[in-house]
>>> print(open('model_35.txt').read())   # compact mmCIF, C-alpha atoms and all ligand atoms
# COMPACT_ATOMS: atom_id res chain seq x y z
CA MET A 3 26.72 88.73 95.00
CA ARG A 4 23.03 87.96 95.07
CA ALA A 5 23.47 85.65 98.08
CA ARG A 6 25.26 88.35 100.05
CA TRP A 7 22.48 90.82 99.29
CA MET A 8 19.92 88.34 100.54
CA VAL A 9 21.83 87.85 103.80
CA ALA A 10 21.80 91.63 104.32
CA VAL A 11 18.03 91.75 103.78
CA LEU A 12 17.61 88.86 106.20
CA ILE A 13 19.67 90.61 108.89
CA MET A 14 17.73 93.85 108.41
CA GLY A 15 14.50 91.91 108.69
CA LEU A 16 15.61 90.27 111.93
CA ALA A 17 16.71 93.62 113.38
CA LEU A 18 13.37 95.19 112.44
CA SER A 19 11.32 92.37 113.92
CA SER A 20 13.20 92.58 117.21
CA VAL A 21 12.45 96.32 117.36
CA VAL A 22 8.76 95.58 116.70
CA ALA A 23 8.81 92.90 119.42
CA ALA A 24 10.47 95.28 121.90
CA VAL A 25 7.85 97.99 121.25
CA ALA A 26 5.04 95.44 121.65
CA ALA A 27 6.56 94.15 124.91
CA GLU A 28 6.82 97.68 126.26
CA GLN A 29 3.19 98.41 125.41
CA ALA A 30 2.09 95.15 127.02
CA THR A 31 3.78 96.03 130.31
CA VAL A 32 2.27 99.53 130.74
CA PRO A 33 0.05 99.03 133.79
CA LYS A 34 -3.63 99.87 133.34
CA ILE A 35 -4.23 102.46 136.06
CA PRO A 36 -7.75 103.94 136.04
CA GLY A 37 -7.71 107.63 135.09
CA ILE A 38 -3.92 107.55 134.65
CA THR A 39 -3.16 105.17 131.76
CA ALA A 40 -6.62 103.68 131.24
CA GLU A 41 -10.23 104.84 131.16
CA ASP A 42 -11.62 105.64 134.62
CA THR A 43 -14.46 103.12 134.81
CA HIS A 44 -15.54 104.25 138.31
CA PRO A 45 -15.41 108.08 138.21
CA ASN A 46 -17.77 108.37 141.22
CA GLY A 47 -15.80 105.94 143.37
CA CYS A 48 -17.74 104.10 146.11
CA THR A 49 -21.21 104.44 144.64
CA ASP A 50 -20.20 103.16 141.20
CA CYS A 51 -19.54 99.76 142.83
CA HIS A 52 -21.77 99.97 145.88
CA ARG A 53 -25.23 100.02 144.33
CA LYS A 54 -28.14 97.67 143.94
CA VAL A 55 -27.40 95.66 140.79
CA SER A 56 -30.46 93.37 141.10
CA PRO A 57 -32.87 92.36 143.91
CA ASP A 58 -30.51 89.65 145.17
CA ARG A 59 -27.29 91.59 144.49
CA ASP A 60 -27.54 94.69 146.63
CA TYR A 61 -24.09 96.15 147.26
CA SER A 62 -25.34 99.62 148.31
CA LEU A 63 -23.49 101.21 151.22
CA ALA A 64 -26.68 101.18 153.33
CA THR A 65 -26.89 97.41 152.80
CA GLU A 66 -23.17 96.92 153.52
CA ILE A 67 -23.80 98.68 156.85
CA ALA A 68 -26.92 96.58 157.52
CA ASN A 69 -24.89 93.39 156.84
CA MET A 70 -22.15 94.47 159.23
CA VAL A 71 -24.81 95.31 161.86
CA LYS A 72 -26.23 91.77 161.47
CA GLU A 73 -22.74 90.32 161.92
CA GLY A 74 -22.28 92.43 165.07
CA ARG A 75 -19.42 94.40 163.47
CA HIS A 76 -21.09 97.78 163.19
CA PRO A 77 -23.34 99.94 165.36
CA ARG A 78 -26.83 100.63 164.08
CA VAL A 79 -26.95 103.80 161.97
CA SER A 80 -30.14 105.84 161.45
CA ASP A 81 -31.43 106.30 157.88
CA ARG A 82 -30.93 110.04 158.31
CA MET A 83 -27.18 109.42 158.55
CA LEU A 84 -27.12 107.35 155.37
CA GLN A 85 -28.51 109.88 152.91
CA ASP A 86 -25.42 111.53 151.47
CA LEU A 87 -22.87 108.77 151.05
CA PRO A 88 -19.96 108.35 151.35
CA LYS A 89 -19.73 111.90 152.87
CA GLN A 90 -21.78 111.03 155.94
CA CYS A 91 -19.56 108.09 156.86
CA ILE A 92 -16.98 110.71 157.90
CA THR A 93 -19.32 111.97 160.67
CA CYS A 94 -18.18 108.97 162.71
CA HIS A 95 -15.05 107.98 160.79
CA LYS A 96 -13.07 111.23 161.13
CA PRO A 97 -9.31 111.13 160.40
CA ASP A 98 -8.46 111.57 164.10
CA SER A 99 -11.13 109.16 165.38
CA LYS A 100 -10.68 105.59 166.57
CA TYR A 101 -11.79 104.29 163.13
CA PRO A 102 -10.45 106.72 160.49
CA PHE A 103 -12.25 106.28 157.15
CA GLY A 104 -9.05 105.81 155.12
CA GLU A 105 -7.72 103.04 157.35
CA ILE A 106 -10.97 101.05 157.53
CA MET A 107 -11.44 101.40 153.76
CA HIS A 108 -7.89 100.25 153.02
CA SER A 109 -8.31 97.25 155.37
CA ALA A 110 -11.70 96.34 153.85
CA HIS A 111 -10.47 96.44 150.25
CA LEU A 112 -6.77 95.66 150.33
CA THR A 113 -6.31 92.82 152.83
CA GLY A 114 -6.89 89.08 152.40
CA GLY A 115 -5.18 88.63 149.04
CA ALA A 116 -7.11 86.42 146.63
CA GLU A 117 -9.97 86.11 149.16
CA ASN A 118 -10.76 89.79 148.66
CA HIS A 119 -12.99 90.50 145.65
CA PHE A 120 -11.74 94.07 145.37
CA ILE A 121 -8.30 92.62 144.67
CA THR A 122 -9.39 89.80 142.37
CA ASN A 123 -12.18 91.62 140.49
CA TYR A 124 -10.82 95.17 140.50
CA GLN A 125 -7.03 94.59 140.58
CA GLY A 126 -6.88 96.31 143.98
CA GLN A 127 -6.47 99.63 142.17
CA CYS A 128 -6.09 102.66 144.44
CA MET A 129 -7.47 104.87 141.67
CA HIS A 130 -10.93 103.29 141.77
CA CYS A 131 -11.38 105.33 144.97
CA HIS A 132 -8.74 108.02 144.58
CA ALA A 133 -8.39 110.63 141.84
CA MET A 134 -5.40 112.72 140.84
CA ASP A 135 -5.44 116.24 139.48
CA PRO A 136 -2.79 116.01 136.72
CA GLN A 137 -2.15 119.78 136.95
CA THR A 138 -1.24 119.85 140.63
CA GLY A 139 -0.57 116.18 141.40
CA SER A 140 -2.88 116.34 144.39
CA ILE A 141 -4.74 113.13 145.22
CA THR A 142 -8.27 113.12 146.63
CA VAL A 143 -11.03 110.58 147.31
CA LYS A 144 -13.84 110.50 144.75
CA GLY A 145 -17.18 111.54 146.27
CA LEU A 146 -15.80 113.06 149.48
C1 LIG B 201 -14.22 99.28 142.15
C2 LIG B 201 -15.24 98.81 143.09
C3 LIG B 201 -15.29 99.34 144.51
C4 LIG B 201 -15.14 100.65 144.92
C5 LIG B 201 -14.83 101.87 144.09
C6 LIG B 201 -15.37 100.64 146.34
N1 LIG B 201 -15.63 99.38 146.77
FE1 LIG B 201 -16.16 98.84 148.67
N2 LIG B 201 -16.07 96.90 148.13
C7 LIG B 201 -15.87 96.42 146.85
C8 LIG B 201 -15.78 94.98 146.89
C9 LIG B 201 -15.56 94.05 145.70
C10 LIG B 201 -15.93 94.60 148.25
C11 LIG B 201 -15.90 93.18 148.83
C12 LIG B 201 -14.49 92.92 149.36
C13 LIG B 201 -14.36 91.51 149.91
O1 LIG B 201 -14.37 90.56 149.13
O2 LIG B 201 -14.27 91.38 151.14
C14 LIG B 201 -16.15 95.83 149.00
C15 LIG B 201 -16.40 95.90 150.36
C16 LIG B 201 -16.83 97.03 151.03
C17 LIG B 201 -17.39 97.07 152.37
C18 LIG B 201 -17.64 95.87 153.28
C19 LIG B 201 -16.54 95.77 154.30
C20 LIG B 201 -16.79 94.66 155.30
O3 LIG B 201 -15.94 94.53 156.20
O4 LIG B 201 -17.78 93.93 155.20
C21 LIG B 201 -17.68 98.39 152.64
C22 LIG B 201 -18.31 98.95 153.89
C23 LIG B 201 -17.26 99.17 151.49
N3 LIG B 201 -16.76 98.31 150.52
C24 LIG B 201 -17.36 100.53 151.39
C25 LIG B 201 -16.81 101.29 150.35
C26 LIG B 201 -16.68 102.74 150.34
C27 LIG B 201 -17.18 103.67 151.44
C28 LIG B 201 -16.05 103.07 149.17
C29 LIG B 201 -15.59 104.44 148.70
C30 LIG B 201 -14.70 105.17 149.62
C31 LIG B 201 -15.85 101.85 148.41
N4 LIG B 201 -16.28 100.80 149.18
C32 LIG B 201 -15.32 101.78 147.14
C33 LIG B 201 -15.78 97.18 145.71
C34 LIG B 201 -15.59 98.55 145.68
C1 LIG B 202 -22.97 106.52 163.85
C2 LIG B 202 -21.54 106.39 163.62
C3 LIG B 202 -21.12 105.64 162.38
C4 LIG B 202 -21.46 105.90 161.06
C5 LIG B 202 -22.38 106.99 160.52
C6 LIG B 202 -20.69 104.99 160.25
N1 LIG B 202 -19.92 104.17 161.05
FE1 LIG B 202 -18.71 102.64 160.42
N2 LIG B 202 -18.23 102.20 162.35
C7 LIG B 202 -18.68 102.90 163.47
C8 LIG B 202 -18.08 102.31 164.66
C9 LIG B 202 -18.28 102.78 166.10
C10 LIG B 202 -17.30 101.20 164.23
C11 LIG B 202 -16.52 100.19 165.07
C12 LIG B 202 -17.41 99.01 165.34
C13 LIG B 202 -16.75 97.93 166.17
O1 LIG B 202 -15.55 97.68 166.00
O2 LIG B 202 -17.47 97.31 166.95
C14 LIG B 202 -17.40 101.17 162.76
C15 LIG B 202 -16.75 100.25 161.96
C16 LIG B 202 -16.77 100.26 160.57
C17 LIG B 202 -16.08 99.31 159.73
C18 LIG B 202 -15.16 98.18 160.21
C19 LIG B 202 -15.97 96.94 160.52
C20 LIG B 202 -15.04 95.80 160.91
O3 LIG B 202 -15.41 94.66 160.74
O4 LIG B 202 -13.93 96.07 161.39
C21 LIG B 202 -16.36 99.65 158.43
C22 LIG B 202 -15.85 98.94 157.20
C23 LIG B 202 -17.25 100.79 158.47
N3 LIG B 202 -17.48 101.14 159.79
C24 LIG B 202 -17.74 101.44 157.37
C25 LIG B 202 -18.63 102.51 157.39
C26 LIG B 202 -19.15 103.14 156.20
C27 LIG B 202 -18.80 102.77 154.78
C28 LIG B 202 -20.00 104.13 156.62
C29 LIG B 202 -20.85 105.04 155.78
C30 LIG B 202 -21.76 104.38 154.87
C31 LIG B 202 -19.99 104.10 158.08
N4 LIG B 202 -19.15 103.09 158.50
C32 LIG B 202 -20.74 104.96 158.87
C33 LIG B 202 -19.52 103.99 163.46
C34 LIG B 202 -20.14 104.55 162.35
C1 LIG B 203 -12.01 101.58 148.76
C2 LIG B 203 -11.52 102.90 148.50
C3 LIG B 203 -10.04 103.16 148.63
C4 LIG B 203 -9.01 102.47 148.04
C5 LIG B 203 -9.08 101.26 147.13
C6 LIG B 203 -7.79 103.15 148.43
N1 LIG B 203 -8.08 104.21 149.25
FE1 LIG B 203 -6.74 105.47 150.11
N2 LIG B 203 -8.26 106.44 151.07
C7 LIG B 203 -9.59 106.13 150.96
C8 LIG B 203 -10.37 106.98 151.88
C9 LIG B 203 -11.87 106.95 152.07
C10 LIG B 203 -9.43 107.81 152.54
C11 LIG B 203 -9.70 108.83 153.65
C12 LIG B 203 -9.96 110.19 153.08
C13 LIG B 203 -10.37 111.20 154.14
O1 LIG B 203 -10.47 110.86 155.33
O2 LIG B 203 -10.59 112.36 153.74
C14 LIG B 203 -8.11 107.44 152.01
C15 LIG B 203 -6.91 108.06 152.40
C16 LIG B 203 -5.67 107.72 151.90
C17 LIG B 203 -4.42 108.35 152.32
C18 LIG B 203 -4.30 109.46 153.35
C19 LIG B 203 -3.94 108.83 154.70
C20 LIG B 203 -5.06 108.06 155.29
O3 LIG B 203 -4.90 106.82 155.51
O4 LIG B 203 -6.17 108.61 155.51
C21 LIG B 203 -3.43 107.73 151.62
C22 LIG B 203 -1.95 108.01 151.73
C23 LIG B 203 -4.03 106.73 150.76
N3 LIG B 203 -5.40 106.77 150.96
C24 LIG B 203 -3.34 105.92 149.90
C25 LIG B 203 -3.90 104.85 149.18
C26 LIG B 203 -3.14 103.93 148.37
C27 LIG B 203 -1.64 103.98 148.14
C28 LIG B 203 -4.04 103.03 147.85
C29 LIG B 203 -3.78 101.81 146.98
C30 LIG B 203 -2.78 100.87 147.44
C31 LIG B 203 -5.35 103.41 148.34
N4 LIG B 203 -5.22 104.52 149.15
C32 LIG B 203 -6.51 102.76 148.04
C33 LIG B 203 -10.14 105.18 150.13
C34 LIG B 203 -9.45 104.26 149.39
>>> encode(input="model_35.txt", output="structure tokens")
Amino acid sequence: MRARWMVAVLIMGLALSSVVAAVAAEQATVPKIPGITAEDTHPNGCTDCHRKVSPDRDYSLATEIANMVKEGRHPRVSDRMLQDLPKQCITCHKPDSKYPFGEIMHSAHLTGGAENHFITNYQGQCMHCHAMDPQTGSITVKGL
């Protein structure tokens, strides 16, 4: 009698632990999407990443432009056009222009696989740049 009772307890225990394991597995697989299922660590988008961290680590947008100019990949841009960023980028990178802002931003951050630091260091998350209004579902770009 006692042995049978113990088997029942054992089976209940096993059943319970598999439920616990299943719940844990489900929690572990919920993707961490900024502002959706996880804290939004870059609520201002571009400028939260593109800033001067230290004298030799200047990731500001003005410096990104200057670097591309040096590499012959970007026309020179006057300081006056680099005051309100990223808004002013749109002056030249309009949606219907030859270099639409969305397309050049997606190419810069989402191509190259493991070579691209946005993918390796920031999980290539769309929501570092985009934001969603949970009421309406509309998606915008932070800072534009
Ligand atoms: C979460 C951080 C993050 C955010 C947000 C972000 N970037 Fe970047 N950006 C990066 C990283 C990392 C790279 C370097 C990618 C690589 O390894 O090539 C980069 C690269 C760039 C480059 C260089 C491209 C080239 O071809 O040299 C430009 C320009 C740029 N970002 C502009 C922007 C703008 C504009 C926004 C907002 C619309 C933005 N970024 C948002 C992290 C970020
Ligand atoms: C005065 C106009 C102008 C402004 C302002 C401007 N751009 Fe550009 N940008 C261009 C043109 C023209 C090209 C194409 C250059 C080429 O292919 O030779 C370009 C190309 C680029 C490229 C692609 C470079 C490559 O290697 O393919 C990136 C990235 C870029 N711009 C980012 C930005 C960002 C970010 C800003 C705002 C901080 C900005 N641009 C502001 C005119 C502008
Ligand atoms: C580095 C910042 C950045 C990242 C990362 C990013 N986007 Fe964008 N996205 C933009 C910008 C800037 C625009 C252009 C907005 C404008 O012109 O008003 C845009 C526009 C768009 C558009 C409108 C069509 C177009 O190309 O202009 C779609 C759709 C889109 N993004 C989807 C995505 C998806 C899906 C991801 C993730 C796989 C993603 N974006 C990641 C910055 C980003």
>>> residues_near_ligand(input="model_35.txt", ligand="ligand LIG 201 (chain B)", cutoff="7 Å", atoms="all atoms listed in the file", output="compact mmCIF listing (two decimals) with C-alpha atoms, in the coordinates of the input")
# COMPACT_ATOMS: atom_id res chain seq x y z
CA HIS A 44 -15.54 104.25 138.31
CA GLY A 47 -15.80 105.94 143.37
CA CYS A 48 -17.74 104.10 146.11
CA THR A 49 -21.21 104.44 144.64
CA ASP A 50 -20.20 103.16 141.20
CA CYS A 51 -19.54 99.76 142.83
CA HIS A 52 -21.77 99.97 145.88
CA LEU A 63 -23.49 101.21 151.22
CA GLU A 66 -23.17 96.92 153.52
CA ILE A 67 -23.80 98.68 156.85
CA MET A 70 -22.15 94.47 159.23
CA PRO A 88 -19.96 108.35 151.35
CA MET A 107 -11.44 101.40 153.76
CA ALA A 110 -11.70 96.34 153.85
CA HIS A 111 -10.47 96.44 150.25
CA GLU A 117 -9.97 86.11 149.16
CA ASN A 118 -10.76 89.79 148.66
CA HIS A 119 -12.99 90.50 145.65
CA PHE A 120 -11.74 94.07 145.37
CA ASN A 123 -12.18 91.62 140.49
CA TYR A 124 -10.82 95.17 140.50
CA HIS A 130 -10.93 103.29 141.77
CA CYS A 131 -11.38 105.33 144.97
CA VAL A 143 -11.03 110.58 147.31
>>> residues_near_ligand(input="model_35.txt", ligand="ligand LIG 202 (chain B)", cutoff="10 Å", atoms="only C-alpha atoms and all ligand atoms", output="PyMOL selection string")
chain A and resi 48+52+62-68+70-71+73-96+99-111
>>> axis_aligned_box(input="model_35.txt", around="ligand LIG 203 (chain B)", padding_each_side="5 Å", output="lines of an AutoDock Vina configuration file")
center_x = -6.8
center_y = 106.6
center_z = 151.2
size_x = 20.4
size_y = 21.5
size_z = 18.5
>>> atom_distance(input="model_35.txt", atom1="atom C20 of ligand LIG 203 (chain B)", atom2="CA of Val55 in chain A")
29.4 Å
>>> closest_residue(input="model_35.txt", among="A:Ala40, A:Ala116, A:Ile141, A:Cys128", to="ligand LIG 203 (chain B)", atoms="all atoms listed in the file")
A:Cys128
>>> atom_distance(input="model_35.txt", atom1="CA of Pro57 in chain A", atom2="atom C3 of ligand LIG 203 (chain B)")
25.7 Å
>>> closest_residue(input="model_35.txt", among="A:Asn69, A:Pro45, A:Ser56, A:Val32", to="His132 in chain A", atoms="only C-alpha atoms")
A:Pro45
>>> closest_residue(input="model_35.txt", among="A:Thr142, A:Thr122, A:Asn46, A:Thr31", to="ligand LIG 203 (chain B)", atoms="all atoms listed in the file")
A:Thr142
>>> closest_residue(input="model_35.txt", among="A:Gly139, A:Ile121, A:Pro97, A:Gly145", to="ligand LIG 203 (chain B)", atoms="all atoms listed in the file")
A:Pro97
>>> atom_distance(input="model_35.txt", atom1="CA of Ala133 in chain A", atom2="atom C19 of ligand LIG 203 (chain B)")
13.7 Å
>>> closest_residue(input="model_35.txt", among="A:Lys144, A:Lys72, A:Arg59, A:Arg53", to="ligand LIG 203 (chain B)", atoms="all atoms listed in the file")
A:Lys144
